[in-house]
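Text of my_file.csv (CSV, C-alpha atoms) as supplied:
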chain,number,residue,atom,x,y,z
A,59,MET,CA,0.0,0.0,0.0
A,60,SER,CA,1.3,3.4,-0.9
A,61,SER,CA,1.9,5.5,2.2
A,62,SER,CA,0.8,8.8,0.6
A,63,SER,CA,0.6,10.9,-2.5
A,64,ARG,CA,0.0,14.6,-2.6
A,65,ASP,CA,-1.1,17.6,-4.6
A,66,SER,CA,0.3,21.1,-4.1
A,67,ASP,CA,-1.4,21.6,-0.7
A,68,SER,CA,-2.5,18.2,0.7
A,69,LEU,CA,-1.4,14.7,1.4
A,70,VAL,CA,-3.6,11.9,0.3
A,71,LEU,CA,-3.3,8.8,2.5
A,72,ALA,CA,-4.4,5.4,1.2
A,73,VAL,CA,-6.6,3.6,3.7
A,74,PRO,CA,-7.1,-0.2,4.3
A,75,PRO,CA,-10.4,-2.0,3.5
A,76,ARG,CA,-13.2,-1.3,5.9
A,77,PHE,CA,-11.6,1.8,7.3
A,78,HIS,CA,-14.1,4.3,8.7
A,79,PHE,CA,-12.7,7.7,9.5
A,80,TRP,CA,-15.2,8.8,12.1
A,81,ARG,CA,-15.4,5.4,13.8
A,82,THR,CA,-11.7,5.8,14.3
A,83,VAL,CA,-11.8,9.4,15.4
A,84,PHE,CA,-14.5,8.8,18.0
A,85,SER,CA,-13.1,5.4,19.1
A,86,HIS,CA,-12.4,7.0,22.5
A,87,GLY,CA,-11.8,10.3,24.1
A,88,TRP,CA,-8.5,11.3,22.6
A,89,CYS,CA,-10.1,13.2,19.8
A,90,SER,CA,-11.2,15.9,22.2
A,91,LEU,CA,-7.9,16.2,24.0
A,92,PRO,CA,-5.3,18.7,22.5
A,93,PRO,CA,-3.4,18.8,20.3
A,94,PHE,CA,-6.4,16.9,18.7
A,95,SER,CA,-9.7,18.6,18.1
A,96,TYR,CA,-12.6,17.8,15.9
A,97,ASP,CA,-15.4,19.8,14.1
A,98,PRO,CA,-18.4,17.8,13.0
A,99,GLY,CA,-19.6,20.8,11.1
A,100,SER,CA,-16.6,20.8,8.7
A,101,HIS,CA,-16.2,17.0,9.0
A,102,THR,CA,-12.5,17.5,10.1
A,103,LEU,CA,-10.2,16.2,12.8
A,104,SER,CA,-7.3,18.6,13.5
A,105,ARG,CA,-4.0,18.0,15.1
A,106,VAL,CA,-0.7,19.8,15.8
A,107,PHE,CA,2.1,17.6,14.7
A,108,SER,CA,5.7,17.9,15.7
A,109,VAL,CA,8.0,17.3,12.7
A,110,ALA,CA,11.7,17.8,12.1
A,111,GLY,CA,12.5,17.8,15.8
A,112,ASN,CA,10.3,20.5,17.3
A,113,ARG,CA,8.6,22.2,14.3
A,114,SER,CA,4.9,22.3,15.1
A,115,VAL,CA,2.5,22.0,12.2
A,116,PHE,CA,-1.3,22.4,12.4
A,117,ALA,CA,-3.1,20.2,9.9
A,118,LEU,CA,-6.7,19.3,9.1
A,119,LEU,CA,-7.7,15.6,8.4
A,120,ARG,CA,-10.8,14.5,6.6
A,121,ALA,CA,-12.2,11.5,4.9
A,122,GLY,CA,-11.6,11.4,1.2
A,123,ASN,CA,-12.6,8.9,-1.5
A,124,ARG,CA,-11.0,5.7,-0.1
A,125,SER,CA,-8.4,7.9,1.5
A,126,VAL,CA,-7.7,10.4,4.2
A,127,ILE,CA,-6.8,13.9,3.2
A,128,VAL,CA,-4.3,15.7,5.4
A,129,LYS,CA,-4.0,19.5,4.7
A,130,PRO,CA,-1.2,21.3,6.6
A,131,ALA,CA,-1.9,25.0,7.4
A,132,ASP,CA,1.3,26.2,5.8
A,133,PRO,CA,2.4,23.6,3.2
A,134,HIS,CA,4.9,26.0,1.7
A,135,LEU,CA,6.9,26.0,4.9
A,136,LEU,CA,7.4,22.2,4.8
A,137,THR,CA,10.2,20.4,3.0
A,138,PRO,CA,9.4,17.1,1.2
A,139,ALA,CA,11.0,15.3,4.2
A,140,MET,CA,8.7,17.1,6.6
A,141,LYS,CA,5.6,16.2,4.5
A,142,LYS,CA,6.7,12.6,4.5
A,143,GLU,CA,7.0,12.7,8.3
A,144,LEU,CA,3.6,14.4,8.6
A,145,ALA,CA,2.0,11.6,6.5
A,146,THR,CA,3.7,8.9,8.6
A,147,GLN,CA,2.5,10.5,11.8
A,148,ALA,CA,-1.1,10.8,10.5
A,149,ARG,CA,-1.1,7.2,9.5
A,150,THR,CA,0.1,6.3,13.0
A,151,CYS,CA,-2.7,8.2,14.7
A,152,LEU,CA,-5.4,6.7,12.5
A,153,ARG,CA,-3.8,3.2,12.7
A,154,LEU,CA,-3.9,2.9,8.9
A,155,ASP,CA,-1.1,0.4,8.9
A,156,ASP,CA,-2.5,-1.9,11.6
A,157,ASP,CA,-3.5,-5.3,10.1
A,158,ILE,CA,-6.7,-6.2,11.9
A,159,THR,CA,-7.9,-8.7,9.3
A,160,GLU,CA,-7.7,-11.5,11.8
A,161,PHE,CA,-9.8,-9.4,14.2
A,162,TYR,CA,-12.5,-8.9,11.6
A,163,ARG,CA,-12.5,-12.7,10.9
A,164,THR,CA,-13.0,-13.3,14.6
A,165,ALA,CA,-15.8,-10.7,14.9
A,166,ALA,CA,-17.6,-12.1,11.8
A,167,ARG,CA,-17.9,-15.5,13.5
A,168,ILE,CA,-19.8,-14.1,16.5
A,169,PRO,CA,-23.3,-12.9,15.7
A,170,GLN,CA,-23.4,-10.1,18.2
A,171,TYR,CA,-20.1,-8.6,16.9
A,172,ARG,CA,-20.8,-8.8,13.1
A,173,TRP,CA,-21.8,-5.1,13.2
A,174,ILE,CA,-18.2,-4.3,13.9
A,175,VAL,CA,-17.1,-5.6,10.5
A,176,ALA,CA,-19.9,-3.9,8.6
A,177,ALA,CA,-19.2,-0.6,10.4
A,178,GLY,CA,-15.5,-0.6,9.9
A,179,ALA,CA,-14.9,-0.2,13.6
A,180,GLY,CA,-11.8,-1.5,15.4
A,181,ARG,CA,-9.1,1.1,15.0
A,182,LEU,CA,-8.4,3.2,18.1
A,183,LEU,CA,-7.1,6.7,17.6
A,184,ARG,CA,-3.8,7.3,19.2
A,185,ALA,CA,-1.0,9.9,19.4
A,186,PRO,CA,2.0,9.9,17.1
A,187,SER,CA,4.1,8.9,20.1
A,188,VAL,CA,3.7,6.4,22.9
A,189,PHE,CA,5.0,9.2,25.3
A,190,GLU,CA,2.0,11.3,24.6
A,191,ASP,CA,-0.4,8.4,24.9
A,192,ALA,CA,1.2,7.4,28.2
A,193,VAL,CA,1.1,10.9,29.7
A,194,LYS,CA,-2.6,11.3,28.7
A,195,THR,CA,-3.4,7.8,30.1
A,196,ILE,CA,-1.8,8.8,33.5
A,197,CYS,CA,-4.0,11.9,33.4
A,198,THR,CA,-7.1,9.7,33.2
A,199,THR,CA,-6.5,7.8,36.4
A,200,ASN,CA,-8.5,8.4,39.6
A,201,CYS,CA,-10.3,11.4,38.3
A,202,THR,CA,-13.2,12.7,36.2
A,203,TRP,CA,-13.0,13.2,32.4
A,204,GLU,CA,-13.3,17.0,33.1
A,205,LEU,CA,-10.1,17.0,35.2
A,206,THR,CA,-8.3,14.9,32.6
A,207,THR,CA,-9.3,17.5,29.9
A,208,LEU,CA,-8.1,20.3,32.2
A,209,MET,CA,-4.7,18.7,32.8
A,210,VAL,CA,-4.1,18.0,29.2
A,211,HIS,CA,-5.1,21.5,28.1
A,212,ASN,CA,-2.8,23.0,30.7
A,213,LEU,CA,0.1,20.8,29.6
A,214,VAL,CA,-0.3,21.8,26.0
A,215,ASP,CA,-0.9,25.5,26.7
A,216,ALA,CA,2.0,25.8,29.2
A,217,LEU,CA,4.7,23.5,27.7
A,218,GLY,CA,3.8,22.8,24.1
A,219,HIS,CA,5.6,24.4,21.1
A,220,ILE,CA,3.8,27.1,19.1
A,221,ASP,CA,2.9,26.1,15.5
A,222,THR,CA,3.8,27.9,12.3
A,223,LEU,CA,0.6,29.9,12.4
A,224,GLY,CA,1.4,31.2,15.9
A,225,LYS,CA,-2.1,30.0,17.1
A,226,HIS,CA,-1.8,26.4,18.2
A,227,ARG,CA,0.5,24.4,20.4
A,228,SER,CA,1.9,20.8,20.1
A,229,PHE,CA,2.0,18.2,22.8
A,230,PRO,CA,5.0,18.9,25.1
A,231,SER,CA,8.1,17.0,24.4
A,232,PRO,CA,9.7,14.8,27.1
A,233,GLU,CA,12.3,17.5,27.6
A,234,SER,CA,9.7,20.2,28.2
A,235,ILE,CA,7.9,18.2,30.9
A,236,ALA,CA,11.2,17.0,32.4
A,237,GLY,CA,12.2,20.6,32.8
A,238,ALA,CA,9.2,21.5,34.9
A,239,THR,CA,9.2,21.3,38.7
A,240,GLU,CA,6.7,19.3,40.8
A,241,MET,CA,5.5,22.6,42.2
A,242,PHE,CA,4.8,24.0,38.7
A,243,MET,CA,3.0,20.8,37.7
A,244,ARG,CA,0.8,21.0,40.8
A,245,SER,CA,0.0,24.7,40.6
A,246,GLU,CA,-0.2,25.3,36.8
A,247,ILE,CA,-1.1,21.9,35.3
A,248,LYS,CA,-3.3,20.9,38.2
A,249,SER,CA,-2.0,17.3,38.0
A,250,GLY,CA,-2.0,16.7,41.8
A,251,TYR,CA,-0.4,13.5,43.0
A,252,ARG,CA,0.5,12.7,39.4
A,253,SER,CA,2.9,15.6,39.3
A,254,PRO,CA,6.1,13.9,40.4
A,255,PHE,CA,5.2,10.8,38.4
A,256,LEU,CA,4.9,12.8,35.2
A,257,VAL,CA,8.2,14.7,35.8
A,258,GLU,CA,10.1,11.5,36.6
A,259,PHE,CA,8.6,9.7,33.6
A,260,ALA,CA,9.6,12.5,31.3
A,261,GLU,CA,13.1,12.7,32.7
A,262,ARG,CA,13.6,9.0,32.1
A,263,VAL,CA,12.4,9.3,28.5
A,264,ALA,CA,14.4,12.5,27.8
A,265,ALA,CA,17.5,10.9,29.2
A,266,GLY,CA,17.1,7.8,27.0
A,267,THR,CA,17.0,5.4,30.0
A,268,LEU,CA,13.4,4.4,29.1
A,269,ASP,CA,12.4,3.7,25.5
A,270,VAL,CA,8.7,3.9,25.6
A,271,GLU,CA,8.4,4.1,21.8
A,272,ALA,CA,9.7,0.5,21.6
A,273,TRP,CA,6.5,-0.6,23.3
A,274,ARG,CA,4.6,-0.5,20.0
A,275,HIS,CA,6.9,-3.2,18.5
A,276,SER,CA,8.0,-5.0,21.6
A,277,PRO,CA,8.8,-8.7,21.4
A,278,LEU,CA,7.8,-9.1,25.0
A,279,SER,CA,4.8,-11.1,26.0
A,280,THR,CA,1.8,-9.0,27.0
A,281,GLU,CA,2.4,-10.0,30.7
A,282,ASP,CA,6.0,-8.8,30.5
A,283,LEU,CA,5.0,-5.7,28.6
A,284,VAL,CA,2.5,-4.8,31.3
A,285,THR,CA,5.3,-5.3,33.9
A,286,ALA,CA,7.4,-2.8,31.9
A,287,MET,CA,4.6,-0.3,31.7
A,288,ARG,CA,3.8,-0.6,35.4
A,289,ASP,CA,7.4,0.2,36.2
A,290,VAL,CA,6.4,3.8,35.4
A,291,LYS,CA,5.0,5.4,38.5
A,292,GLY,CA,1.4,6.4,37.8
A,293,ILE,CA,0.6,3.5,35.5
A,294,GLY,CA,-1.3,0.8,37.4
A,295,PRO,CA,-3.4,-2.1,36.1
A,296,TYR,CA,-6.2,0.0,34.6
A,297,ALA,CA,-3.8,2.5,32.9
A,298,ALA,CA,-1.6,-0.3,31.5
A,299,GLY,CA,-4.7,-2.1,30.1
A,300,ASN,CA,-5.7,0.9,28.2
A,301,LEU,CA,-2.2,1.8,27.1
A,302,LEU,CA,-1.9,-1.8,25.7
A,303,LYS,CA,-4.7,-1.1,23.3
A,304,LEU,CA,-2.8,1.9,21.9
A,305,VAL,CA,0.3,-0.1,21.2
A,306,GLY,CA,-1.7,-2.9,19.5
A,307,ARG,CA,-2.3,-5.4,22.3
A,308,TYR,CA,-5.9,-6.3,23.2
A,309,ASP,CA,-5.5,-9.0,25.8
A,310,GLU,CA,-6.7,-6.9,28.7
A,311,LEU,CA,-10.2,-5.5,29.4
A,312,ALA,CA,-9.0,-2.5,31.5
A,313,LEU,CA,-11.9,-2.4,33.8
A,314,ASP,CA,-12.9,0.8,35.5
A,315,SER,CA,-16.1,2.1,37.1
A,316,TRP,CA,-17.6,3.3,33.8
A,317,VAL,CA,-17.1,0.2,31.7
A,318,ARG,CA,-18.2,-2.0,34.7
A,319,SER,CA,-21.4,0.0,34.9
A,320,LYS,CA,-22.0,-0.3,31.2
A,321,TYR,CA,-21.4,-4.0,31.3
A,322,TYR,CA,-23.9,-4.4,34.1
A,323,GLU,CA,-26.4,-2.4,32.1
A,324,LEU,CA,-25.9,-4.4,28.9
A,325,HIS,CA,-25.7,-7.9,30.4
A,326,HIS,CA,-27.2,-8.0,33.9
A,327,ARG,CA,-29.9,-5.3,33.9
A,328,GLY,CA,-27.8,-3.1,36.0
A,329,ARG,CA,-26.9,-5.7,38.6
A,330,LYS,CA,-23.3,-5.7,39.7
A,331,VAL,CA,-21.2,-8.8,39.2
A,332,LYS,CA,-17.6,-9.7,40.1
A,333,ASP,CA,-14.7,-8.7,37.7
A,334,ALA,CA,-13.9,-12.3,37.4
A,335,THR,CA,-17.4,-12.9,35.9
A,336,ILE,CA,-16.7,-10.2,33.3
A,337,GLU,CA,-13.3,-11.6,32.5
A,338,GLN,CA,-14.7,-15.1,32.1
A,339,ALA,CA,-17.3,-13.9,29.6
A,340,TYR,CA,-14.7,-12.5,27.2
A,341,ALA,CA,-12.0,-15.1,27.8
A,342,PRO,CA,-13.1,-17.2,24.7
A,343,TYR,CA,-12.1,-14.3,22.4
A,344,GLY,CA,-8.4,-14.6,23.2
A,345,LYS,CA,-6.1,-11.9,22.2
A,346,TRP,CA,-8.9,-9.8,20.8
A,347,ARG,CA,-11.1,-9.8,23.9
A,348,GLY,CA,-10.1,-6.3,25.0
A,349,LEU,CA,-11.0,-4.8,21.7
A,350,LEU,CA,-14.3,-6.6,21.4
A,351,PHE,CA,-15.2,-5.6,24.9
A,352,TRP,CA,-14.4,-1.9,24.3
A,353,LEU,CA,-16.3,-1.7,21.1
A,354,GLU,CA,-19.3,-3.4,22.6
A,355,MET,CA,-19.3,-1.0,25.6
A,356,THR,CA,-19.0,2.1,23.4
A,357,ARG,CA,-21.2,1.1,20.5
A,358,ASP,CA,-23.8,3.7,21.3
A,359,TRP,CA,-21.2,6.5,21.0
A,360,HIS,CA,-21.2,5.8,17.3
A,361,ASP,CA,-24.8,4.8,16.7
A,362,GLU,CA,-26.3,7.8,18.5
A,363,LYS,CA,-24.1,10.5,20.1
A,364,PHE,CA,-21.4,10.7,17.4
A,365,ARG,CA,-23.3,10.1,14.2
A,366,VAL,CA,-21.5,12.3,11.6
How does this structure look as structure tokens?
Amino acid sequence: MSSSSRDSDSLVLAVPPRFHFWRTVFSHGWCSLPPFSYDPGSHTLSRVFSVAGNRSVFALLRAGNRSVIVKPADPHLLTPAMKKELATQARTCLRLDDDITEFYRTAARIPQYRWIVAAGAGRLLRAPSVFEDAVKTICTTNCTWELTTLMVHNLVDALGHIDTLGKHRSFPSPESIAGATEMFMRSEIKSGYRSPFLVEFAERVAAGTLDVEAWRHSPLSTEDLVTAMRDVKGIGPYAAGNLLKLVGRYDELALDSWVRSKYYELHHRGRKVKDATIEQAYAPYGKWRGLLFWLEMTRDWHDEKFRV
């Protein structure tokens, strides 16, 4: 598959069979956390990408004819190498190179999951870097979504690099967060108990003593990869389970209060059951159980709230 082609202003990314742009964008909450944003009115997802080190580029993404169109705000400021890097990062975010053929075969064999294949669901939006995904995941723990949103907005506004338009900021680099103090994180970012964890994590990544980007292609078993993730302070079982999905592992359900409540509603008329009961129900689906579980729990996001 060709990674991209372009006219004078835009990059045109080839997409795999069954790819659905909005099902991917709305696969979870990342689309509303900067430097992502979305506009159903113009049918676009926007993102500030960091290319060529720390050059921040604002771009609009939209569905094309069997493609995704990526339009950078200032294409004349980008070299061919920068455009290639921008295309690669956009493909990474939308999971265009993830081979989920086996997942679709699995879903097609299970009557209650055949809608997934027909809808082209299954790709979960992610950041260009594991570092960003990990920081955002830490910011989802033990708090409301409103607080998560506040923390991420504050991180981007305070520590991100300004884009070529002078209007938007990128996600902070590891060096930017590593250079912050715990007091700054608590007072300006509002990250509370996570503050020393985020600074220490960024310091390890910036120093090169922790290669989190390798997690996407790690030869480790899922169990060992979870152990590596949990070596980062602030990443517990729930956070590791969600982060696994963003690196392409779907072995874990990543149970929290919201998905538990949704499961009770869908399968037990609201009656609570033990986590072991939920785990047992999805165990037959093997390495795809976490993805099937997540798509089942969030189906109404697509069918009702996020119809575009």
Wanna dump the region 158-200 of chain A-region 107-128 of chain A contacts at 12 Å for me, each residue with its shortest atom pair and the distance in Å to one decimal, counting all atoms listed in the file, ordered by chain and number, as a Markdown table?
| residue | atom | partner | partner_atom | distance |
| --- | --- | --- | --- | --- |
| A:Ala185 | CA | A:Phe107 | CA | 9.5 |
| A:Pro186 | CA | A:Phe107 | CA | 8.1 |
| A:Ser187 | CA | A:Ser108 | CA | 10.1 |
| A:Glu190 | CA | A:Ser108 | CA | 11.7 |
| request: Name the residues in contact with region 145-157 of chain A at a cut-off of 7 Å, using all atoms listed in the file, excluding same-chain residues fewer than 2 positions from it; report them as a PyMOL selection string. | output: chain A and resi 62+69+73-74+82+141-143+159+181+183-186
| query | When you draw a straight line from CA of Arg307 (chain A) to CA of Trp173 (chain A), how long is it in Å? | reply | 21.5 Å
| said: Quick check, in Å to one decimal: how far apart do CA of Val175 (chain A) and CA of Arg76 (chain A) lie? | reply: 7.4 Å
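A straight line drawn from CA of Ala179 (chain A) to CA of Glu281 (chain A) is 26.2 Å long.
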| query | Using all atoms listed in the file, which of A:Asp282, A:Glu240, A:Glu246, A:Glu323 sits nearest Val210 (chain A)? | reply |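 Smallest separation from Val210 (chain A) among the options: A:Glu246.
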| Which is closer to Phe77 (chain A) than all the others in A:Tyr162, A:Tyr322, A:Phe229, A:Phe259, using all atoms listed in the file? | A:Tyr162
| message | Just want the 10 Å neighbourhood of Ala286 (chain A), counted on only C-alpha atoms, with same-chain residues fewer than 5 positions away dropped. Output as a ChimeraX atom specification. | response | /A:268,270,273,278,280-281,293,298
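Nearest-residue note for Leu144 (chain A): choosing from A:Gly218, A:Pro230, A:Pro130, A:Gly237, the minimum distance belongs to A:Pro130, counting all atoms listed in the file.
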